[in-house]
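J.: So here's my_file_36.cif, just mmCIF, C-alpha atoms:
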```
data_run
loop_
_atom_site.group_PDB
_atom_site.id
_atom_site.type_symbol
_atom_site.label_atom_id
_atom_site.label_comp_id
_atom_site.auth_asym_id
_atom_site.auth_seq_id
_atom_site.Cartn_x
_atom_site.Cartn_y
_atom_site.Cartn_z
ATOM 1 C CA MET B 1327 -11.930 -14.676 3.697
ATOM 2 C CA ALA B 1328 -12.430 -14.778 -0.068
ATOM 3 C CA GLY B 1329 -10.479 -12.485 -2.355
ATOM 4 C CA ILE B 1330 -11.684 -10.164 -5.089
ATOM 5 C CA GLU B 1331 -9.542 -9.976 -8.211
ATOM 6 C CA LEU B 1332 -9.034 -6.303 -9.077
ATOM 7 C CA ILE B 1333 -7.364 -5.472 -12.412
ATOM 8 C CA SER B 1334 -6.957 -2.545 -14.794
ATOM 9 C CA ASP B 1335 -6.364 -2.195 -18.517
ATOM 10 C CA ALA B 1336 -4.366 0.961 -17.701
ATOM 11 C CA PHE B 1337 -1.639 -0.597 -15.516
ATOM 12 C CA ASN B 1338 -0.407 -3.856 -14.036
ATOM 13 C CA ASP B 1339 -0.021 -4.454 -10.306
ATOM 14 C CA HIS B 1340 2.973 -2.487 -8.982
ATOM 15 C CA ALA B 1341 3.538 -0.812 -12.377
ATOM 16 C CA PHE B 1342 3.564 2.876 -13.261
ATOM 17 C CA LEU B 1343 0.348 4.754 -13.919
ATOM 18 C CA ALA B 1344 0.268 6.923 -17.071
ATOM 19 C CA ARG B 1345 0.360 10.710 -16.666
ATOM 20 C CA GLN B 1346 -3.185 11.055 -18.059
ATOM 21 C CA TYR B 1347 -4.513 9.652 -14.767
ATOM 22 C CA ALA B 1348 -2.393 12.003 -12.638
ATOM 23 C CA PHE B 1349 -3.450 15.321 -11.145
ATOM 24 C CA GLU B 1350 -1.226 17.277 -13.561
ATOM 25 C CA GLY B 1351 -2.421 15.203 -16.524
ATOM 26 C CA GLU B 1352 -6.062 14.732 -17.499
ATOM 27 C CA ASN B 1353 -6.844 13.741 -13.884
ATOM 28 C CA THR B 1354 -9.054 10.893 -15.086
ATOM 29 C CA SER B 1355 -9.680 7.877 -12.886
ATOM 30 C CA PRO B 1356 -8.281 4.669 -14.407
ATOM 31 C CA PRO B 1357 -10.548 1.851 -15.582
ATOM 32 C CA LEU B 1358 -10.986 -1.036 -13.157
ATOM 33 C CA THR B 1359 -12.464 -4.509 -13.510
ATOM 34 C CA TRP B 1360 -13.286 -6.927 -10.711
ATOM 35 C CA ARG B 1361 -14.492 -10.458 -10.187
ATOM 36 C CA GLY B 1362 -14.991 -12.753 -7.227
ATOM 37 C CA VAL B 1363 -17.497 -10.605 -5.321
ATOM 38 C CA PRO B 1364 -19.426 -12.818 -2.873
ATOM 39 C CA ASP B 1365 -23.093 -13.384 -3.752
ATOM 40 C CA ASP B 1366 -24.210 -12.120 -0.334
ATOM 41 C CA ALA B 1367 -22.495 -8.709 -0.679
ATOM 42 C CA SER B 1368 -24.891 -5.767 -0.388
ATOM 43 C CA GLU B 1369 -22.437 -3.085 -1.522
ATOM 44 C CA LEU B 1370 -18.899 -2.485 -2.691
ATOM 45 C CA VAL B 1371 -16.619 0.292 -1.450
ATOM 46 C CA LEU B 1372 -13.651 1.565 -3.464
ATOM 47 C CA LEU B 1373 -10.736 3.361 -1.816
ATOM 48 C CA CYS B 1374 -7.595 4.728 -3.477
ATOM 49 C CA GLU B 1375 -4.936 5.847 -1.008
ATOM 50 C CA ASP B 1376 -1.285 6.923 -1.031
ATOM 51 C CA PRO B 1377 0.476 5.741 2.147
ATOM 52 C CA ASP B 1378 3.718 7.415 1.000
ATOM 53 C CA ALA B 1379 2.405 11.000 1.166
ATOM 54 C CA PRO B 1380 4.607 13.240 3.348
ATOM 55 C CA SER B 1381 1.717 14.321 5.598
ATOM 56 C CA GLY B 1382 0.364 10.791 6.099
ATOM 57 C CA THR B 1383 -1.893 8.547 4.059
ATOM 58 C CA PHE B 1384 -3.658 10.643 1.409
ATOM 59 C CA VAL B 1385 -7.103 9.748 0.045
ATOM 60 C CA HIS B 1386 -7.407 9.994 -3.748
ATOM 61 C CA GLN B 1387 -10.861 8.442 -4.086
ATOM 62 C CA VAL B 1388 -13.640 6.929 -1.984
ATOM 63 C CA VAL B 1389 -16.799 5.521 -3.567
ATOM 64 C CA VAL B 1390 -19.525 3.880 -1.475
ATOM 65 C CA GLY B 1391 -22.722 2.092 -2.469
ATOM 66 C CA ILE B 1392 -21.298 0.416 -5.573
ATOM 67 C CA ASP B 1393 -23.606 -2.235 -7.012
ATOM 68 C CA PRO B 1394 -22.165 -5.622 -5.940
ATOM 69 C CA ARG B 1395 -23.434 -7.170 -9.196
ATOM 70 C CA SER B 1396 -21.275 -4.788 -11.241
ATOM 71 C CA ASP B 1397 -17.973 -5.955 -12.669
ATOM 72 C CA GLY B 1398 -16.040 -2.735 -13.206
ATOM 73 C CA VAL B 1399 -15.891 0.909 -14.141
ATOM 74 C CA GLU B 1400 -14.668 2.703 -17.271
ATOM 75 C CA ALA B 1401 -11.996 5.415 -17.082
ATOM 76 C CA GLY B 1402 -13.332 8.701 -15.756
ATOM 77 C CA GLN B 1403 -16.685 7.224 -14.688
ATOM 78 C CA THR B 1404 -18.357 6.601 -11.342
ATOM 79 C CA PRO B 1405 -18.760 2.889 -10.522
ATOM 80 C CA PRO B 1406 -22.356 1.651 -11.054
ATOM 81 C CA GLY B 1407 -24.640 2.753 -8.208
ATOM 82 C CA GLY B 1408 -21.731 4.428 -6.424
ATOM 83 C CA THR B 1409 -21.609 7.724 -4.552
ATOM 84 C CA GLU B 1410 -18.285 9.546 -4.736
ATOM 85 C CA LEU B 1411 -17.123 11.127 -1.496
ATOM 86 C CA VAL B 1412 -14.709 14.031 -1.018
ATOM 87 C CA ASN B 1413 -11.022 13.194 -1.525
ATOM 88 C CA GLY B 1414 -7.917 14.670 0.109
ATOM 89 C CA PHE B 1415 -7.872 17.551 -2.385
ATOM 90 C CA GLY B 1416 -11.295 18.639 -1.085
ATOM 91 C CA GLU B 1417 -13.032 17.607 -4.315
ATOM 92 C CA ARG B 1418 -15.738 15.019 -4.849
ATOM 93 C CA GLY B 1419 -14.550 12.021 -6.888
ATOM 94 C CA TRP B 1420 -11.120 11.168 -8.254
ATOM 95 C CA GLY B 1421 -8.015 13.205 -7.470
ATOM 96 C CA GLY B 1422 -5.053 11.783 -9.342
ATOM 97 C CA PRO B 1423 -1.527 11.166 -8.094
ATOM 98 C CA HIS B 1424 0.423 14.333 -7.267
ATOM 99 C CA PRO B 1425 3.509 13.396 -5.240
ATOM 100 C CA PRO B 1426 6.120 16.051 -4.473
ATOM 101 C CA PRO B 1427 8.585 16.506 -7.365
ATOM 102 C CA GLY B 1428 11.732 14.462 -6.847
ATOM 103 C CA ASP B 1429 10.174 11.976 -4.407
ATOM 104 C CA GLU B 1430 10.701 8.299 -5.065
ATOM 105 C CA ALA B 1431 7.670 6.715 -6.733
ATOM 106 C CA HIS B 1432 4.635 6.709 -4.454
ATOM 107 C CA ARG B 1433 2.344 3.692 -4.183
ATOM 108 C CA TYR B 1434 -1.353 4.122 -4.904
ATOM 109 C CA PHE B 1435 -3.427 1.342 -3.383
ATOM 110 C CA PHE B 1436 -6.757 0.724 -5.083
ATOM 111 C CA ARG B 1437 -8.821 -1.343 -2.631
ATOM 112 C CA LEU B 1438 -12.237 -2.807 -3.348
ATOM 113 C CA TYR B 1439 -14.268 -4.120 -0.418
ATOM 114 C CA ALA B 1440 -17.414 -6.271 -0.504
ATOM 115 C CA LEU B 1441 -19.646 -5.592 2.493
ATOM 116 C CA ALA B 1442 -22.650 -7.480 3.855
ATOM 117 C CA GLU B 1443 -24.385 -4.242 4.856
ATOM 118 C CA PRO B 1444 -24.094 -0.605 3.756
ATOM 119 C CA CYS B 1445 -21.202 1.452 5.046
ATOM 120 C CA VAL B 1446 -21.685 4.813 6.768
ATOM 121 C CA LEU B 1447 -18.836 7.294 6.319
ATOM 122 C CA PRO B 1448 -18.445 11.053 6.690
ATOM 123 C CA ASP B 1449 -18.574 13.042 3.429
ATOM 124 C CA ALA B 1450 -14.788 13.549 3.444
ATOM 125 C CA PRO B 1451 -13.361 10.494 5.211
ATOM 126 C CA SER B 1452 -9.730 9.921 6.038
ATOM 127 C CA ALA B 1453 -8.168 6.630 4.978
ATOM 128 C CA GLU B 1454 -8.212 5.589 8.644
ATOM 129 C CA GLN B 1455 -11.963 6.245 8.887
ATOM 130 C CA VAL B 1456 -12.587 4.133 5.786
ATOM 131 C CA HIS B 1457 -10.495 1.271 7.162
ATOM 132 C CA GLN B 1458 -12.225 1.453 10.559
ATOM 133 C CA ALA B 1459 -15.626 1.262 8.857
ATOM 134 C CA VAL B 1460 -14.928 -1.477 6.312
ATOM 135 C CA ASP B 1461 -12.103 -3.688 7.560
ATOM 136 C CA PRO B 1462 -14.101 -5.469 10.298
ATOM 137 C CA ARG B 1463 -17.209 -5.794 8.075
ATOM 138 C CA GLN B 1464 -15.718 -7.002 4.812
ATOM 139 C CA LEU B 1465 -16.768 -10.252 3.229
ATOM 140 C CA ALA B 1466 -13.929 -10.020 0.696
ATOM 141 C CA SER B 1467 -11.493 -7.498 -0.697
ATOM 142 C CA GLY B 1468 -8.970 -7.009 -3.447
ATOM 143 C CA ASP B 1469 -6.003 -4.694 -3.991
ATOM 144 C CA LEU B 1470 -4.222 -3.298 -7.011
ATOM 145 C CA VAL B 1471 -1.187 -1.035 -6.652
ATOM 146 C CA ALA B 1472 -0.067 1.664 -9.084
ATOM 147 C CA LEU B 1473 3.182 3.635 -8.929
ATOM 148 C CA TYR B 1474 3.718 7.273 -9.867
ATOM 149 C CA HIS B 1475 6.408 9.930 -9.516
ATOM 150 C CA ARG B 1476 7.076 13.411 -10.901
#
```
Represent the structure contained in this file as structure tokens.
T.:
Amino acid sequence: MAGIELISDAFNDHAFLARQYAFEGENTSPPLTWRGVPDDASELVLLCEDPDAPSGTFVHQVVVGIDPRSDGVEAGQTPPGGTELVNGFGERGWGGPHPPPGDEAHRYFFRLYALAEPCVLPDAPSAEQVHQAVDPRQLASGDLVALYHR
């Protein structure tokens, strides 16, 4: 399976995310850029999840229907053509990192999937529901990991 290169001007892979992107900061989604999307992709799906959350994997963002011909998204914007679903905070769109104070740094996995056909998800999917829907159908994917602690 081909890989998508996912990068950000806001952080390097496995580096700390600035407070402005966190829940207690400006709560703005970070900018992302991608390349290597297969030509036969019909949509992209973006998931940001925290597998280190005390109650289980926490969803910070899910966007479906992203234009596969797009190459990124600016900070605080919705990816081109995308529909933002409800995150773990119960809000539509981005919900920034908010780990418990004193916890070791949590990992925030930004995952971009290229799919051959549109994905159907509930309005407020769990990370498991997203993985069940996209993992078997992906043409390619890419990951970028941010760290954050309070």
J.: Considering only C-alpha atoms, can you say which of B:Ser1334, B:Val1363, B:Arg1418, B:Thr1409 comes closest to Gly1391 in chain B?
T.: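 Closest to Gly1391 in chain B of all the choices is B:Thr1409.
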J.: So how many Å separate CA of Asn1353 in chain B and CA of Arg1476 in chain B, to one decimal?
T.: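 Separation of CA of Asn1353 in chain B and CA of Arg1476 in chain B: 14.2 Å.
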J.: For the point (0.9, 6.1, 1.7) in the file's frame, write as a list in words all residues with an atom no more than 12 Å away, counting all atoms listed in the file.
T.: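 Applying the cut-off with all atoms listed in the file, one gets Cys1374, Glu1375, Asp1376, Pro1377, Asp1378, Ala1379, Pro1380, Ser1381, Gly1382, Thr1383, Phe1384, Val1385, His1386, Pro1423, Pro1425, Ala1431, His1432, Arg1433, Tyr1434, Phe1435, Phe1436, Ala1453, Glu1454, Val1471, Ala1472, Leu1473 and Tyr1474 of chain B.
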J.: Determine the residue membership of the PyMOL selection byres ((chain B and resi 1438) around 10) for the file above and supply it as a list in words.
T.: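 When the PyMOL selection byres ((chain B and resi 1438) around 10) is applied to the shown file, the picked residues are Gly1329, Ile1330, Glu1331, Leu1332, Trp1360, Val1363, Leu1370, Val1371, Leu1372, Leu1373, Cys1374, Val1388, Val1389, Ile1392, Phe1435, Phe1436, Arg1437, Tyr1439, Ala1440, Leu1441, Gln1464, Ala1466, Ser1467, Gly1468, Asp1469 and Leu1470 of chain B.
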J.: Can you work out the spacing between CA of Arg1395 in chain B and CA of Gly1362 in chain B in Å, to one decimal?
T.: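 Result for CA of Arg1395 in chain B versus CA of Gly1362 in chain B: 10.3 Å, one decimal.
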J.: Evaluating the PyMOL selection byres ((chain B and resi 1346) around 12) on the displayed file yields which residues, as a PyMOL selection string?
T.: chain B and resi 1336+1342-1345+1347-1356+1401-1402+1421-1424+1474
J.: For C-alpha atoms, I'd like the residues from the last selection saved as a PDB file, keeping the file's coordinate frame.
T.:
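Once written, result.pdb looks like this:
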```pdb
ATOM      1  CA  ALA B1336      -4.366   0.961 -17.701  1.00  0.00           C
ATOM      2  CA  PHE B1342       3.564   2.876 -13.261  1.00  0.00           C
ATOM      3  CA  LEU B1343       0.348   4.754 -13.919  1.00  0.00           C
ATOM      4  CA  ALA B1344       0.268   6.923 -17.071  1.00  0.00           C
ATOM      5  CA  ARG B1345       0.360  10.710 -16.666  1.00  0.00           C
ATOM      6  CA  TYR B1347      -4.513   9.652 -14.767  1.00  0.00           C
ATOM      7  CA  ALA B1348      -2.393  12.003 -12.638  1.00  0.00           C
ATOM      8  CA  PHE B1349      -3.450  15.321 -11.145  1.00  0.00           C
ATOM      9  CA  GLU B1350      -1.226  17.277 -13.561  1.00  0.00           C
ATOM     10  CA  GLY B1351      -2.421  15.203 -16.524  1.00  0.00           C
ATOM     11  CA  GLU B1352      -6.062  14.732 -17.499  1.00  0.00           C
ATOM     12  CA  ASN B1353      -6.844  13.741 -13.884  1.00  0.00           C
ATOM     13  CA  THR B1354      -9.054  10.893 -15.086  1.00  0.00           C
ATOM     14  CA  SER B1355      -9.680   7.877 -12.886  1.00  0.00           C
ATOM     15  CA  PRO B1356      -8.281   4.669 -14.407  1.00  0.00           C
ATOM     16  CA  ALA B1401     -11.996   5.415 -17.082  1.00  0.00           C
ATOM     17  CA  GLY B1402     -13.332   8.701 -15.756  1.00  0.00           C
ATOM     18  CA  GLY B1421      -8.015  13.205  -7.470  1.00  0.00           C
ATOM     19  CA  GLY B1422      -5.053  11.783  -9.342  1.00  0.00           C
ATOM     20  CA  PRO B1423      -1.527  11.166  -8.094  1.00  0.00           C
ATOM     21  CA  HIS B1424       0.423  14.333  -7.267  1.00  0.00           C
ATOM     22  CA  TYR B1474       3.718   7.273  -9.867  1.00  0.00           C
TER      23      TYR B1474
END
```
J.: From the set B:Leu1358, B:Gly1428, B:Gly1419, B:Leu1411, which residue has the shortest atom-to-atom contact distance to Ser1396 in chain B, counting all atoms listed in the file?
T.: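 Ranked by minimum distance to Ser1396 in chain B, first place goes to B:Leu1358.
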J.: Which value, in Å to one decimal, gives the distance between CA of Val1399 in chain B and CA of Pro1426 in chain B?
T.: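 Computing it gives 28.4 Å between the two atoms.
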J.: For the PyMOL selection byres ((chain B and resi 1445) around 10), applied here, can you spell out every residue it catches as a list in words?
T.: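 Written out, the selection comes to Ser1368, Glu1369, Leu1370, Val1371, Val1390, Gly1391, Leu1441, Ala1442, Glu1443, Pro1444, Val1446, Leu1447, Val1456, Ala1459, Val1460 and Arg1463 of chain B.
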J.: Nearest to Pro1405 in chain B among B:Asp1365, B:Asp1339, B:Asp1393, B:Glu1430, with distances taken over all atoms listed in the file: which residue is it?
T.: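 Closest residue, counting all atoms listed in the file: B:Asp1393.
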J.: Take the point (-8.0, 17.3, 1.1) as written in the file and pick out every residue within 9 Å of it, counting all atoms listed in the file; give the list as a list in words.
T.: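 Answer for this query, in the requested form: Phe1384, Val1385, His1386, Val1412, Asn1413, Gly1414, Phe1415, Gly1416, Glu1417 and Ala1450 of chain B.
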J.: Could range 1415-1430 of chain B be written out with all heavy atoms, as a compact mmCIF listing (two decimals), in the first residue's frame, please?
T.:
```
# COMPACT_ATOMS: atom_id res chain seq x y z
N PHE B 1415 -15.34 16.02 22.55
CA PHE B 1415 -15.85 17.07 23.44
C PHE B 1415 -17.32 17.36 23.17
O PHE B 1415 -17.93 18.18 23.84
CB PHE B 1415 -15.05 18.37 23.25
CG PHE B 1415 -13.62 18.29 23.68
CD1 PHE B 1415 -12.61 18.33 22.73
CD2 PHE B 1415 -13.27 18.18 25.01
CE1 PHE B 1415 -11.28 18.27 23.11
CE2 PHE B 1415 -11.94 18.11 25.40
CZ PHE B 1415 -10.94 18.15 24.45
N GLY B 1416 -17.89 16.72 22.13
CA GLY B 1416 -19.28 16.95 21.77
C GLY B 1416 -19.47 18.15 20.86
O GLY B 1416 -20.59 18.62 20.67
N GLU B 1417 -18.37 18.65 20.29
CA GLU B 1417 -18.41 19.81 19.40
C GLU B 1417 -18.04 19.39 17.98
O GLU B 1417 -17.22 18.50 17.78
CB GLU B 1417 -17.42 20.87 19.88
CG GLU B 1417 -17.68 21.37 21.29
CD GLU B 1417 -18.94 22.21 21.41
OE1 GLU B 1417 -19.25 22.92 20.45
OE2 GLU B 1417 -19.59 22.13 22.47
N ARG B 1418 -18.58 20.08 17.01
CA ARG B 1418 -18.25 19.81 15.62
C ARG B 1418 -16.91 20.47 15.30
O ARG B 1418 -16.70 21.63 15.60
CB ARG B 1418 -19.35 20.36 14.71
CG ARG B 1418 -19.25 19.87 13.28
CD ARG B 1418 -20.52 20.15 12.51
NE ARG B 1418 -21.68 19.46 13.04
CZ ARG B 1418 -21.98 18.17 12.85
NH1 ARG B 1418 -21.17 17.44 12.09
NH2 ARG B 1418 -23.04 17.63 13.37
N GLY B 1419 -16.00 19.72 14.67
CA GLY B 1419 -14.71 20.28 14.28
C GLY B 1419 -13.59 19.89 15.22
O GLY B 1419 -13.60 18.83 15.83
N TRP B 1420 -12.61 20.78 15.32
CA TRP B 1420 -11.40 20.55 16.10
C TRP B 1420 -11.65 20.77 17.59
O TRP B 1420 -12.28 21.74 17.98
CB TRP B 1420 -10.30 21.50 15.62
CG TRP B 1420 -9.07 21.53 16.46
CD1 TRP B 1420 -8.69 22.52 17.34
CD2 TRP B 1420 -8.03 20.54 16.52
NE1 TRP B 1420 -7.49 22.20 17.92
CE2 TRP B 1420 -7.06 21.00 17.43
CE3 TRP B 1420 -7.83 19.32 15.88
CZ2 TRP B 1420 -5.90 20.28 17.72
CZ3 TRP B 1420 -6.69 18.60 16.17
CH2 TRP B 1420 -5.74 19.08 17.08
N GLY B 1421 -11.10 19.88 18.39
CA GLY B 1421 -11.05 20.04 19.84
C GLY B 1421 -9.61 19.75 20.24
O GLY B 1421 -9.15 18.62 20.14
N GLY B 1422 -8.89 20.77 20.64
CA GLY B 1422 -7.46 20.63 20.88
C GLY B 1422 -7.09 19.76 22.06
O GLY B 1422 -7.93 19.38 22.88
N PRO B 1423 -5.79 19.42 22.15
CA PRO B 1423 -5.30 18.61 23.25
C PRO B 1423 -5.68 19.19 24.61
O PRO B 1423 -5.62 20.40 24.81
CB PRO B 1423 -3.79 18.63 23.06
CG PRO B 1423 -3.61 18.84 21.59
CD PRO B 1423 -4.73 19.77 21.20
N HIS B 1424 -6.05 18.30 25.53
CA HIS B 1424 -6.44 18.71 26.89
C HIS B 1424 -6.21 17.55 27.86
O HIS B 1424 -7.13 17.07 28.50
CB HIS B 1424 -7.92 19.12 26.89
CG HIS B 1424 -8.35 19.84 28.11
ND1 HIS B 1424 -7.89 21.08 28.47
CD2 HIS B 1424 -9.22 19.48 29.09
CE1 HIS B 1424 -8.45 21.46 29.59
NE2 HIS B 1424 -9.26 20.50 29.99
N PRO B 1425 -4.95 17.07 27.92
CA PRO B 1425 -4.68 15.94 28.82
C PRO B 1425 -4.79 16.37 30.28
O PRO B 1425 -4.68 17.56 30.58
CB PRO B 1425 -3.25 15.55 28.46
CG PRO B 1425 -2.63 16.82 27.98
CD PRO B 1425 -3.73 17.55 27.27
N PRO B 1426 -5.00 15.42 31.18
CA PRO B 1426 -5.04 15.77 32.60
C PRO B 1426 -3.73 16.42 33.04
O PRO B 1426 -2.65 15.99 32.61
CB PRO B 1426 -5.24 14.42 33.30
CG PRO B 1426 -5.86 13.54 32.26
CD PRO B 1426 -5.26 13.99 30.96
N PRO B 1427 -3.81 17.46 33.88
CA PRO B 1427 -2.58 18.10 34.37
C PRO B 1427 -1.68 17.07 35.07
O PRO B 1427 -2.17 16.21 35.81
CB PRO B 1427 -3.08 19.15 35.37
CG PRO B 1427 -4.49 19.40 34.97
CD PRO B 1427 -5.00 18.10 34.41
N GLY B 1428 -0.40 17.15 34.79
CA GLY B 1428 0.56 16.26 35.43
C GLY B 1428 0.80 14.95 34.70
O GLY B 1428 1.75 14.24 35.01
N ASP B 1429 -0.05 14.60 33.74
CA ASP B 1429 0.18 13.39 32.94
C ASP B 1429 1.46 13.56 32.12
O ASP B 1429 1.83 14.67 31.77
CB ASP B 1429 -0.97 13.16 31.95
CG ASP B 1429 -2.06 12.27 32.49
OD1 ASP B 1429 -2.13 12.08 33.71
OD2 ASP B 1429 -2.88 11.78 31.67
N GLU B 1430 2.09 12.45 31.81
CA GLU B 1430 3.17 12.48 30.84
C GLU B 1430 2.58 13.01 29.53
O GLU B 1430 1.37 12.99 29.33
CB GLU B 1430 3.72 11.07 30.61
CG GLU B 1430 4.44 10.49 31.81
CD GLU B 1430 5.77 11.16 32.08
OE1 GLU B 1430 6.47 11.51 31.11
OE2 GLU B 1430 6.10 11.36 33.27
```
